>>> print(open('my_file-v3.txt').read())   # compact mmCIF, C-alpha atoms
# COMPACT_ATOMS: atom_id res chain seq x y z
CA MET A 1 12.59 -19.71 26.44
CA ASP A 2 9.15 -18.57 25.41
CA VAL A 3 6.94 -17.79 28.38
CA ILE A 4 4.02 -16.86 26.12
CA LYS A 5 2.18 -19.69 24.40
CA GLU A 6 0.82 -18.75 21.00
CA ASP A 7 -2.36 -20.13 19.46
CA GLN A 8 -1.31 -19.36 15.91
CA VAL A 9 1.94 -18.51 14.08
CA LEU A 10 2.21 -16.14 11.12
CA ASP A 11 5.50 -16.00 9.21
CA CYS A 12 5.97 -12.73 7.28
CA THR A 13 9.66 -13.37 6.53
CA GLY A 14 10.78 -11.54 3.40
CA LEU A 15 7.71 -9.30 3.17
CA LEU A 16 7.90 -5.52 3.25
CA CYS A 17 5.44 -2.81 4.29
CA PRO A 18 2.45 -2.91 4.31
CA MET A 19 2.10 -6.70 3.92
CA PRO A 20 3.15 -7.71 7.49
CA ILE A 21 0.33 -5.66 9.05
CA VAL A 22 -2.12 -6.67 6.30
CA LYS A 23 -1.42 -10.36 6.94
CA THR A 24 -1.45 -9.81 10.71
CA THR A 25 -4.91 -8.27 10.41
CA LYS A 26 -6.17 -11.26 8.43
CA ALA A 27 -4.61 -13.74 10.85
CA ILE A 28 -5.99 -12.05 13.97
CA LYS A 29 -9.51 -12.10 12.47
CA GLU A 30 -9.32 -15.90 12.51
CA LEU A 31 -8.68 -15.99 16.27
CA GLU A 32 -11.02 -15.82 19.25
CA ALA A 33 -10.76 -12.96 21.76
CA GLY A 34 -7.89 -13.58 24.17
CA GLN A 35 -6.00 -15.90 21.82
CA ILE A 36 -2.41 -15.10 20.93
CA LEU A 37 -0.80 -14.67 17.53
CA LYS A 38 2.95 -15.03 17.12
CA MET A 39 4.14 -13.01 14.11
CA ILE A 40 7.62 -13.28 12.63
CA SER A 41 8.97 -10.55 10.34
CA THR A 42 12.26 -9.50 8.75
CA ASP A 43 11.00 -6.01 7.85
CA ALA A 44 12.93 -3.48 9.95
CA GLY A 45 9.84 -1.24 9.81
CA SER A 46 7.76 -3.83 11.62
CA PRO A 47 8.59 -2.94 15.27
CA PRO A 48 7.18 0.62 15.03
CA ASP A 49 4.44 -0.46 12.60
CA ILE A 50 3.19 -3.36 14.71
CA ALA A 51 3.22 -1.12 17.80
CA ALA A 52 1.12 1.47 15.90
CA TRP A 53 -1.18 -1.25 14.53
CA SER A 54 -1.64 -2.55 18.09
CA ARG A 55 -2.55 0.92 19.42
CA GLN A 56 -4.95 1.56 16.54
CA THR A 57 -6.73 -1.79 16.64
CA GLY A 58 -6.69 -2.42 20.39
CA ASN A 59 -5.07 -5.84 19.98
CA GLU A 60 -2.43 -5.92 22.71
CA LEU A 61 1.26 -6.26 21.87
CA LEU A 62 2.47 -8.54 24.67
CA LEU A 63 6.08 -8.88 23.59
CA SER A 64 8.35 -7.63 20.83
CA THR A 65 11.80 -9.14 20.37
CA GLU A 66 14.63 -8.90 17.87
CA ASP A 67 17.36 -11.38 17.15
CA GLY A 68 19.76 -10.77 14.28
CA GLY A 69 17.32 -9.01 11.95
CA LYS A 70 14.44 -11.32 12.84
CA PHE A 71 11.56 -9.72 14.70
CA VAL A 72 9.03 -11.68 16.74
CA PHE A 73 5.77 -10.24 18.08
CA PHE A 74 3.18 -11.74 20.39
CA LEU A 75 -0.23 -10.18 19.87
CA LYS A 76 -3.31 -10.84 21.96
CA LYS A 77 -6.65 -10.49 20.22
CA ALA A 78 -8.93 -7.93 21.87
CA MET B 1 -20.45 8.57 2.81
CA THR B 2 -20.97 10.86 5.78
CA LYS B 3 -19.56 10.05 9.18
CA SER B 4 -22.48 10.61 11.52
CA ASN B 5 -21.40 8.37 14.39
CA PRO B 6 -18.77 10.05 16.62
CA ASN B 7 -17.57 6.59 17.70
CA ALA B 8 -16.93 5.61 14.09
CA PRO B 9 -13.41 4.43 13.23
CA LYS B 10 -10.74 6.84 12.07
CA ARG B 11 -10.99 7.90 8.47
CA LEU B 12 -8.37 8.42 5.75
CA ALA B 13 -9.16 10.44 2.62
CA LEU B 14 -6.69 10.26 -0.25
CA ILE B 15 -6.53 11.85 -3.67
CA ALA B 16 -4.52 9.77 -6.16
CA SER B 17 -3.68 12.04 -9.07
CA LYS B 18 -0.77 10.23 -10.70
CA GLY B 19 -0.74 7.11 -12.83
CA THR B 20 2.91 6.09 -13.04
CA LEU B 21 4.17 2.93 -11.35
CA ASP B 22 6.19 4.78 -8.70
CA TRP B 23 3.24 7.02 -7.79
CA ALA B 24 0.72 4.16 -7.88
CA TYR B 25 2.26 2.71 -4.72
CA PRO B 26 1.66 5.40 -2.05
CA PRO B 27 -2.17 5.52 -2.20
CA PHE B 28 -2.53 1.72 -2.21
CA ILE B 29 0.10 1.24 0.54
CA LEU B 30 -1.50 3.85 2.80
CA GLY B 31 -5.01 2.67 1.94
CA SER B 32 -4.27 -0.97 2.73
CA ALA B 33 -2.31 -0.10 5.90
CA ALA B 34 -5.12 2.11 7.20
CA GLY B 35 -7.69 -0.53 6.29
CA ALA B 36 -5.63 -3.11 8.17
CA MET B 37 -5.75 -0.86 11.25
CA GLY B 38 -9.53 -0.78 11.07
CA TRP B 39 -9.77 2.69 9.56
CA GLU B 40 -12.35 3.68 7.01
CA VAL B 41 -10.60 4.65 3.76
CA GLY B 42 -11.63 6.47 0.61
CA ILE B 43 -9.26 6.96 -2.32
CA PHE B 44 -10.37 9.45 -4.97
CA PHE B 45 -8.76 8.85 -8.34
CA THR B 46 -8.47 11.88 -10.54
CA PHE B 47 -6.57 12.91 -13.67
CA TYR B 48 -3.81 10.37 -14.42
CA GLY B 49 -4.65 8.43 -11.27
CA LEU B 50 -7.84 7.23 -12.96
CA THR B 51 -5.91 4.59 -14.89
CA LEU B 52 -5.29 2.81 -11.56
CA LEU B 53 -8.95 1.80 -11.56
CA LYS B 54 -8.67 -0.15 -14.82
CA PRO B 55 -8.84 -3.95 -14.46
CA GLU B 56 -5.45 -4.43 -16.13
CA LEU B 57 -2.88 -2.12 -14.58
CA THR B 58 -0.43 -0.78 -17.13
CA ALA B 59 1.36 1.66 -14.84
CA ALA B 60 4.90 2.32 -16.01
CA VAL B 61 7.69 4.42 -14.58
CA SER B 62 9.45 7.20 -16.43
CA PRO B 63 12.88 8.25 -15.22
CA LEU B 64 12.62 11.18 -17.66
CA GLY B 65 12.38 14.44 -15.74
CA ASN B 66 12.67 12.39 -12.56
CA PRO B 67 16.33 13.14 -11.76
CA ALA B 68 16.27 11.99 -8.13
CA MET B 69 15.09 8.51 -9.13
CA PRO B 70 17.81 5.95 -8.51
CA MET B 71 18.03 3.21 -11.11
CA LYS B 72 18.80 -0.15 -9.54
CA MET B 73 19.74 -3.41 -11.20
CA PRO B 74 17.65 -6.34 -9.91
CA PHE B 75 20.35 -8.96 -10.55
CA GLY B 76 24.00 -9.64 -9.75
CA PRO B 77 25.88 -9.41 -6.44
CA GLU B 78 24.50 -7.19 -3.69
CA ASN B 79 27.11 -4.43 -4.07
CA PHE B 80 26.24 -4.26 -7.77
CA GLN B 81 22.51 -4.13 -7.00
CA ASN B 82 23.08 -1.29 -4.54
CA ILE B 83 24.61 1.01 -7.16
CA SER B 84 22.41 3.98 -8.09
CA TRP B 85 22.86 4.36 -11.82
CA PRO B 86 22.82 7.92 -13.15
CA MET B 87 20.17 8.34 -15.85
CA PRO B 88 20.89 11.37 -18.04
CA ASN B 89 17.74 12.86 -19.62
CA LEU B 90 19.47 12.99 -23.00
CA LEU B 91 19.82 9.21 -22.95
CA MET B 92 16.30 8.55 -21.66
CA ALA B 93 14.62 10.84 -24.17
CA ASN B 94 16.38 9.27 -27.14
CA VAL B 95 16.67 5.55 -26.50
CA PRO B 96 13.56 3.73 -27.74
CA GLY B 97 12.08 1.37 -25.17
CA PHE B 98 13.90 2.99 -22.28
CA GLU B 99 10.72 3.52 -20.28
CA GLY B 100 9.79 -0.14 -20.70
CA LEU B 101 13.25 -1.16 -19.51
CA ALA B 102 13.07 1.15 -16.48
CA THR B 103 9.60 -0.24 -15.63
CA THR B 104 10.79 -3.84 -15.88
CA LEU B 105 13.83 -3.11 -13.69
CA MET B 106 11.74 -1.34 -11.04
CA LYS B 107 9.13 -4.12 -10.91
CA GLN B 108 11.81 -6.80 -10.59
CA THR B 109 13.71 -4.88 -7.90
CA PHE B 110 10.51 -4.38 -5.89
CA LYS B 111 9.62 -8.05 -6.25
CA ASN B 112 13.10 -9.19 -5.18
CA LYS B 113 12.91 -6.97 -2.09
CA GLY B 114 9.52 -8.43 -1.04
CA VAL B 115 7.30 -5.48 -1.97
CA ALA B 116 3.81 -6.48 -3.09
CA SER B 117 2.77 -5.54 -6.63
CA VAL B 118 0.37 -2.65 -7.20
CA GLU B 119 -2.25 -5.22 -8.30
CA GLU B 120 -1.88 -7.16 -5.02
CA LEU B 121 -2.12 -3.98 -2.94
CA ARG B 122 -5.23 -2.88 -4.83
CA ASP B 123 -6.80 -6.33 -4.17
CA VAL B 124 -5.98 -5.92 -0.46
CA CYS B 125 -7.72 -2.53 -0.49
CA VAL B 126 -10.79 -4.08 -2.14
CA ASP B 127 -10.82 -6.92 0.43
CA LEU B 128 -10.61 -4.42 3.29
CA GLY B 129 -13.56 -2.43 1.96
CA VAL B 130 -11.61 0.66 0.87
CA HIS B 131 -13.79 3.01 -1.20
CA LEU B 132 -12.20 3.45 -4.62
CA VAL B 133 -13.84 6.48 -6.21
CA GLY B 134 -13.32 7.67 -9.77
CA CYS B 135 -13.64 11.39 -10.50
CA GLN B 136 -16.53 11.88 -12.93
CA MET B 137 -15.18 15.10 -14.48
CA THR B 138 -11.80 13.63 -15.43
CA MET B 139 -13.55 10.47 -16.67
CA ASP B 140 -15.45 12.68 -19.11
CA VAL B 141 -12.30 14.58 -20.10
CA PHE B 142 -10.21 11.47 -20.75
CA GLY B 143 -13.06 9.44 -22.22
CA PHE B 144 -13.41 6.80 -19.49
CA LYS B 145 -16.70 5.03 -18.90
CA ARG B 146 -17.85 3.31 -15.71
CA GLU B 147 -17.41 -0.06 -17.47
CA ASP B 148 -13.71 0.69 -18.05
CA PHE B 149 -13.05 0.30 -14.34
CA ILE B 150 -13.07 -2.58 -11.86
CA PRO B 151 -16.62 -3.36 -10.60
CA GLN B 152 -15.78 -2.18 -7.06
CA ALA B 153 -15.11 1.37 -8.28
CA GLU B 154 -17.53 4.07 -7.23
CA ILE B 155 -18.07 7.38 -9.01
CA GLY B 156 -18.06 10.85 -7.49
CA GLY B 157 -17.10 14.47 -7.90
CA ALA B 158 -15.40 17.24 -5.93
CA ALA B 159 -18.31 17.62 -3.51
CA THR B 160 -18.25 13.87 -2.81
CA PHE B 161 -14.56 14.04 -1.90
CA LEU B 162 -14.91 17.23 0.17
CA GLU B 163 -17.77 15.86 2.22
CA TYR B 164 -15.82 12.65 2.84
CA ALA B 165 -12.59 14.53 3.61
CA ALA B 166 -14.28 17.01 5.96
CA ASP B 167 -14.98 14.13 8.34
CA ALA B 168 -11.62 12.43 7.80
CA ASP B 169 -8.82 12.36 10.37
CA VAL B 170 -6.12 12.30 7.69
CA GLN B 171 -6.30 13.81 4.21
CA LEU B 172 -3.51 13.57 1.66
CA PHE B 173 -3.05 14.60 -1.96
CA ILE B 174 -0.79 12.21 -3.82
>>> encode(input="my_file-v3.txt", output="structure tokens")
Amino acid sequence: MDVIKEDQVLDCTGLLCPMPIVKTTKAIKELEAGQILKMISTDAGSPPDIAAWSRQTGNELLLSTEDGGKFVFFLKKA
Amino acid sequence: MTKSNPNAPKRLALIASKGTLDWAYPPFILGSAAGAMGWEVGIFFTFYGLTLLKPELTAAVSPLGNPAMPMKMPFGPENFQNISWPMPNLLMANVPGFEGLATTLMKQTFKNKGVASVEELRDVCVDLGVHLVGCQMTMDVFGFKREDFIPQAEIGGAATFLEYAADADVQLFI
């Protein structure tokens, strides 16, 4: 059950570094402050990379989950 | 290109000195990743790296003298694709077209795995405002003119890089 309601979904399935964070950056630019982006990735480098991206850009990582090689991130635009 | 504002974003300064396909990736991957994180990025292209500023990228990979490079086949079942093929220098130096074959195999393997092409990564860098600077001295040595490069390319010398790098948070020579 998702307790966080996203405003936009970005599917980065099949993409490898650095494209997930590049596409996340583009997607978050389209949002208003406070809106939430749900990003889906299959790149095993994404959990540490999205956490680093979040720290560097100030966009908050609300939740990071993994299920069978599929990673889901909820990011709140600063 | 000085960083006068102490609240300015972090800065990455790269030197890209190699023009082969395998070595074309690191500067554009790091440049686009840093740009995506809101950093200011400058990549200085010198010596063989200069060719990465040409509109049509012709970067190839040479397994010759590159003994740690695994050769992967981009087709067939997964356990076949995961084999690292040994590439003896004697074979590579003597078989015509071997470099072209190795380049094709590497590009296809990267594509199959979901890695962006060097062209795509360079476009991302341009979109994110990464400074792409050609080294004037090596342009003169190798006979490149400003018009040989993509319009977004800037031109500079050692002092340009050093001033930029002195204010950078991360500096790397690739």
>>> closest_residue(input="my_file-v3.txt", among="B:Trp23, B:Phe45, B:Phe173, B:Phe75", to="B:Lys113", atoms="only C-alpha atoms")
B:Phe75
>>> closest_residue(input="my_file-v3.txt", among="A:Thr25, A:Leu16, A:Leu10, A:Phe73", to="A:Pro47", atoms="only C-alpha atoms")
A:Phe73
>>> residues_near_point(input="my_file-v3.txt", point="(-4.1, 0.0, 3.3)", cutoff="9 Å", atoms="only C-alpha atoms", output="list in words")
Pro18 and Val22 of chain A; Pro27, Phe28, Ile29, Leu30, Gly31, Ser32, Ala33, Ala34, Gly35, Ala36, Met37, Trp39, Val41, Leu121, Arg122, Val124, Cys125, Leu128 and Val130 of chain B
>>> residues_around(input="my_file-v3.txt", residues="A:Phe71", least_positions_apart="6", cutoff="8 Å", atoms="all atoms listed in the file", output="PyMOL selection string")
chain A and resi 40-44+46-47+64-65
>>> closest_residue(input="my_file-v3.txt", among="B:Phe98, B:Tyr164, B:Phe110, B:Phe47", to="A:Gly14", atoms="all atoms listed in the file")
B:Phe110
>>> residues_around(input="my_file-v3.txt", residues="A:Leu63", least_positions_apart="6", cutoff="8 Å", atoms="all atoms listed in the file", output="PyMOL selection string")
chain A and resi 72-75
>>> decode(input="my_file-v3.txt", residues="stretch 37-170 of chain B", atoms="C-alpha atoms", output="PDB file, in the first residue's frame")
ATOM      1  CA  MET B  37      23.030  17.428  -9.413  1.00  0.00           C
ATOM      2  CA  GLY B  38      23.133  21.151 -10.079  1.00  0.00           C
ATOM      3  CA  TRP B  39      26.915  21.418 -10.189  1.00  0.00           C
ATOM      4  CA  GLU B  40      28.779  23.708 -12.518  1.00  0.00           C
ATOM      5  CA  VAL B  41      30.927  21.626 -14.882  1.00  0.00           C
ATOM      6  CA  GLY B  42      33.799  22.362 -17.226  1.00  0.00           C
ATOM      7  CA  ILE B  43      35.399  19.674 -19.388  1.00  0.00           C
ATOM      8  CA  PHE B  44      38.704  20.592 -21.033  1.00  0.00           C
ATOM      9  CA  PHE B  45      39.451  18.531 -24.110  1.00  0.00           C
ATOM     10  CA  THR B  46      43.097  18.165 -24.948  1.00  0.00           C
ATOM     11  CA  PHE B  47      45.262  15.945 -27.150  1.00  0.00           C
ATOM     12  CA  TYR B  48      43.226  12.955 -28.402  1.00  0.00           C
ATOM     13  CA  GLY B  49      40.226  14.071 -26.366  1.00  0.00           C
ATOM     14  CA  LEU B  50      39.729  16.938 -28.821  1.00  0.00           C
ATOM     15  CA  THR B  51      38.044  14.610 -31.315  1.00  0.00           C
ATOM     16  CA  LEU B  52      35.135  14.301 -28.839  1.00  0.00           C
ATOM     17  CA  LEU B  53      34.167  17.867 -29.747  1.00  0.00           C
ATOM     18  CA  LYS B  54      33.609  17.046 -33.421  1.00  0.00           C
ATOM     19  CA  PRO B  55      29.954  17.014 -34.550  1.00  0.00           C
ATOM     20  CA  GLU B  56      30.184  13.416 -35.777  1.00  0.00           C
ATOM     21  CA  LEU B  57      31.752  11.222 -33.124  1.00  0.00           C
ATOM     22  CA  THR B  58      33.990   8.557 -34.606  1.00  0.00           C
ATOM     23  CA  ALA B  59      35.389   7.233 -31.336  1.00  0.00           C
ATOM     24  CA  ALA B  60      36.487   3.617 -31.652  1.00  0.00           C
ATOM     25  CA  VAL B  61      37.914   1.174 -29.155  1.00  0.00           C
ATOM     26  CA  SER B  62      41.209  -0.622 -29.558  1.00  0.00           C
ATOM     27  CA  PRO B  63      41.746  -3.796 -27.570  1.00  0.00           C
ATOM     28  CA  LEU B  64      45.390  -3.666 -28.737  1.00  0.00           C
ATOM     29  CA  GLY B  65      47.661  -2.970 -25.783  1.00  0.00           C
ATOM     30  CA  ASN B  66      44.560  -2.985 -23.601  1.00  0.00           C
ATOM     31  CA  PRO B  67      44.988  -6.458 -22.070  1.00  0.00           C
ATOM     32  CA  ALA B  68      42.531  -6.012 -19.192  1.00  0.00           C
ATOM     33  CA  MET B  69      39.691  -5.193 -21.581  1.00  0.00           C
ATOM     34  CA  PRO B  70      37.119  -7.970 -21.595  1.00  0.00           C
ATOM     35  CA  MET B  71      35.581  -8.700 -24.973  1.00  0.00           C
ATOM     36  CA  LYS B  72      31.880  -9.476 -24.687  1.00  0.00           C
ATOM     37  CA  MET B  73      29.510 -10.819 -27.310  1.00  0.00           C
ATOM     38  CA  PRO B  74      26.290  -8.770 -27.521  1.00  0.00           C
ATOM     39  CA  PHE B  75      24.144 -11.699 -28.710  1.00  0.00           C
ATOM     40  CA  GLY B  76      23.247 -15.250 -27.715  1.00  0.00           C
ATOM     41  CA  PRO B  77      22.217 -16.673 -24.338  1.00  0.00           C
ATOM     42  CA  GLU B  78      23.205 -14.814 -21.181  1.00  0.00           C
ATOM     43  CA  ASN B  79      25.920 -17.273 -20.113  1.00  0.00           C
ATOM     44  CA  PHE B  80      27.488 -16.872 -23.566  1.00  0.00           C
ATOM     45  CA  GLN B  81      27.274 -13.073 -23.341  1.00  0.00           C
ATOM     46  CA  ASN B  82      28.964 -13.149 -19.933  1.00  0.00           C
ATOM     47  CA  ILE B  83      32.104 -14.850 -21.249  1.00  0.00           C
ATOM     48  CA  SER B  84      35.182 -12.596 -21.294  1.00  0.00           C
ATOM     49  CA  TRP B  85      36.962 -13.498 -24.502  1.00  0.00           C
ATOM     50  CA  PRO B  86      40.758 -13.395 -24.389  1.00  0.00           C
ATOM     51  CA  MET B  87      42.153 -11.084 -27.071  1.00  0.00           C
ATOM     52  CA  PRO B  88      45.794 -11.887 -27.841  1.00  0.00           C
ATOM     53  CA  ASN B  89      47.744  -8.872 -29.169  1.00  0.00           C
ATOM     54  CA  LEU B  90      49.175 -11.005 -31.970  1.00  0.00           C
ATOM     55  CA  LEU B  91      45.660 -11.595 -33.299  1.00  0.00           C
ATOM     56  CA  MET B  92      44.520  -7.987 -32.868  1.00  0.00           C
ATOM     57  CA  ALA B  93      47.576  -6.494 -34.539  1.00  0.00           C
ATOM     58  CA  ASN B  94      47.282  -8.716 -37.596  1.00  0.00           C
ATOM     59  CA  VAL B  95      43.605  -9.161 -38.374  1.00  0.00           C
ATOM     60  CA  PRO B  96      42.356  -6.352 -40.635  1.00  0.00           C
ATOM     61  CA  GLY B  97      39.176  -4.710 -39.378  1.00  0.00           C
ATOM     62  CA  PHE B  98      39.599  -6.044 -35.866  1.00  0.00           C
ATOM     63  CA  GLU B  99      39.287  -2.604 -34.284  1.00  0.00           C
ATOM     64  CA  GLY B 100      36.056  -1.976 -36.183  1.00  0.00           C
ATOM     65  CA  LEU B 101      34.695  -5.310 -34.981  1.00  0.00           C
ATOM     66  CA  ALA B 102      35.667  -4.596 -31.369  1.00  0.00           C
ATOM     67  CA  THR B 103      34.022  -1.147 -31.608  1.00  0.00           C
ATOM     68  CA  THR B 104      30.805  -2.590 -33.019  1.00  0.00           C
ATOM     69  CA  LEU B 105      30.676  -5.265 -30.307  1.00  0.00           C
ATOM     70  CA  MET B 106      31.276  -2.754 -27.517  1.00  0.00           C
ATOM     71  CA  LYS B 107      28.634  -0.324 -28.814  1.00  0.00           C
ATOM     72  CA  GLN B 108      26.064  -3.111 -29.151  1.00  0.00           C
ATOM     73  CA  THR B 109      26.834  -4.531 -25.692  1.00  0.00           C
ATOM     74  CA  PHE B 110      26.493  -1.075 -24.119  1.00  0.00           C
ATOM     75  CA  LYS B 111      23.227  -0.473 -25.961  1.00  0.00           C
ATOM     76  CA  ASN B 112      21.802  -3.849 -24.912  1.00  0.00           C
ATOM     77  CA  LYS B 113      22.667  -3.126 -21.275  1.00  0.00           C
ATOM     78  CA  GLY B 114      20.888   0.264 -21.341  1.00  0.00           C
ATOM     79  CA  VAL B 115      23.944   2.535 -21.401  1.00  0.00           C
ATOM     80  CA  ALA B 116      23.411   5.781 -23.298  1.00  0.00           C
ATOM     81  CA  SER B 117      25.620   6.419 -26.336  1.00  0.00           C
ATOM     82  CA  VAL B 118      28.482   8.912 -26.110  1.00  0.00           C
ATOM     83  CA  GLU B 119      26.495  11.198 -28.451  1.00  0.00           C
ATOM     84  CA  GLU B 120      23.461  11.130 -26.127  1.00  0.00           C
ATOM     85  CA  LEU B 121      25.600  11.833 -23.066  1.00  0.00           C
ATOM     86  CA  ARG B 122      27.305  14.741 -24.815  1.00  0.00           C
ATOM     87  CA  ASP B 123      23.854  16.151 -25.738  1.00  0.00           C
ATOM     88  CA  VAL B 124      22.819  15.847 -22.072  1.00  0.00           C
ATOM     89  CA  CYS B 125      25.947  17.774 -21.069  1.00  0.00           C
ATOM     90  CA  VAL B 126      25.116  20.511 -23.599  1.00  0.00           C
ATOM     91  CA  ASP B 127      21.509  20.683 -22.313  1.00  0.00           C
ATOM     92  CA  LEU B 128      22.727  20.996 -18.722  1.00  0.00           C
ATOM     93  CA  GLY B 129      25.043  23.876 -19.615  1.00  0.00           C
ATOM     94  CA  VAL B 130      28.333  22.003 -19.176  1.00  0.00           C
ATOM     95  CA  HIS B 131      31.272  24.050 -20.494  1.00  0.00           C
ATOM     96  CA  LEU B 132      33.005  22.070 -23.232  1.00  0.00           C
ATOM     97  CA  VAL B 133      36.392  23.678 -23.778  1.00  0.00           C
ATOM     98  CA  GLY B 134      38.863  22.796 -26.517  1.00  0.00           C
ATOM     99  CA  CYS B 135      42.569  23.252 -25.824  1.00  0.00           C
ATOM    100  CA  GLN B 136      43.926  25.835 -28.277  1.00  0.00           C
ATOM    101  CA  MET B 137      47.503  24.511 -28.291  1.00  0.00           C
ATOM    102  CA  THR B 138      46.546  20.947 -29.236  1.00  0.00           C
ATOM    103  CA  MET B 139      44.080  22.315 -31.807  1.00  0.00           C
ATOM    104  CA  ASP B 140      47.031  24.034 -33.477  1.00  0.00           C
ATOM    105  CA  VAL B 141      49.199  20.910 -33.221  1.00  0.00           C
ATOM    106  CA  PHE B 142      46.591  18.559 -34.694  1.00  0.00           C
ATOM    107  CA  GLY B 143      45.245  21.068 -37.208  1.00  0.00           C
ATOM    108  CA  PHE B 144      41.763  21.587 -35.754  1.00  0.00           C
ATOM    109  CA  LYS B 145      39.872  24.810 -36.346  1.00  0.00           C
ATOM    110  CA  ARG B 146      37.051  26.240 -34.241  1.00  0.00           C
ATOM    111  CA  GLU B 147      34.613  25.368 -37.050  1.00  0.00           C
ATOM    112  CA  ASP B 148      35.566  21.682 -36.779  1.00  0.00           C
ATOM    113  CA  PHE B 149      33.795  21.474 -33.437  1.00  0.00           C
ATOM    114  CA  ILE B 150      30.185  21.627 -32.257  1.00  0.00           C
ATOM    115  CA  PRO B 151      28.946  25.245 -31.900  1.00  0.00           C
ATOM    116  CA  GLN B 152      28.697  24.939 -28.096  1.00  0.00           C
ATOM    117  CA  ALA B 153      32.453  24.348 -27.778  1.00  0.00           C
ATOM    118  CA  GLU B 154      34.520  27.054 -26.141  1.00  0.00           C
ATOM    119  CA  ILE B 155      38.248  27.570 -26.599  1.00  0.00           C
ATOM    120  CA  GLY B 156      40.878  27.976 -23.901  1.00  0.00           C
ATOM    121  CA  GLY B 157      44.386  27.208 -22.783  1.00  0.00           C
ATOM    122  CA  ALA B 158      46.212  25.950 -19.694  1.00  0.00           C
ATOM    123  CA  ALA B 159      45.614  29.162 -17.742  1.00  0.00           C
ATOM    124  CA  THR B 160      41.878  28.949 -18.511  1.00  0.00           C
ATOM    125  CA  PHE B 161      41.729  25.430 -17.087  1.00  0.00           C
ATOM    126  CA  LEU B 162      43.881  26.237 -14.040  1.00  0.00           C
ATOM    127  CA  GLU B 163      41.802  29.246 -13.088  1.00  0.00           C
ATOM    128  CA  TYR B 164      38.614  27.188 -13.450  1.00  0.00           C
ATOM    129  CA  ALA B 165      40.099  24.207 -11.577  1.00  0.00           C
ATOM    130  CA  ALA B 166      41.475  26.339  -8.738  1.00  0.00           C
ATOM    131  CA  ASP B 167      37.901  27.154  -7.743  1.00  0.00           C
ATOM    132  CA  ALA B 168      36.570  23.644  -8.392  1.00  0.00           C
ATOM    133  CA  ASP B 169      35.554  21.201  -5.675  1.00  0.00           C
ATOM    134  CA  VAL B 170      36.547  18.177  -7.761  1.00  0.00           C
TER     135      VAL B 170
END
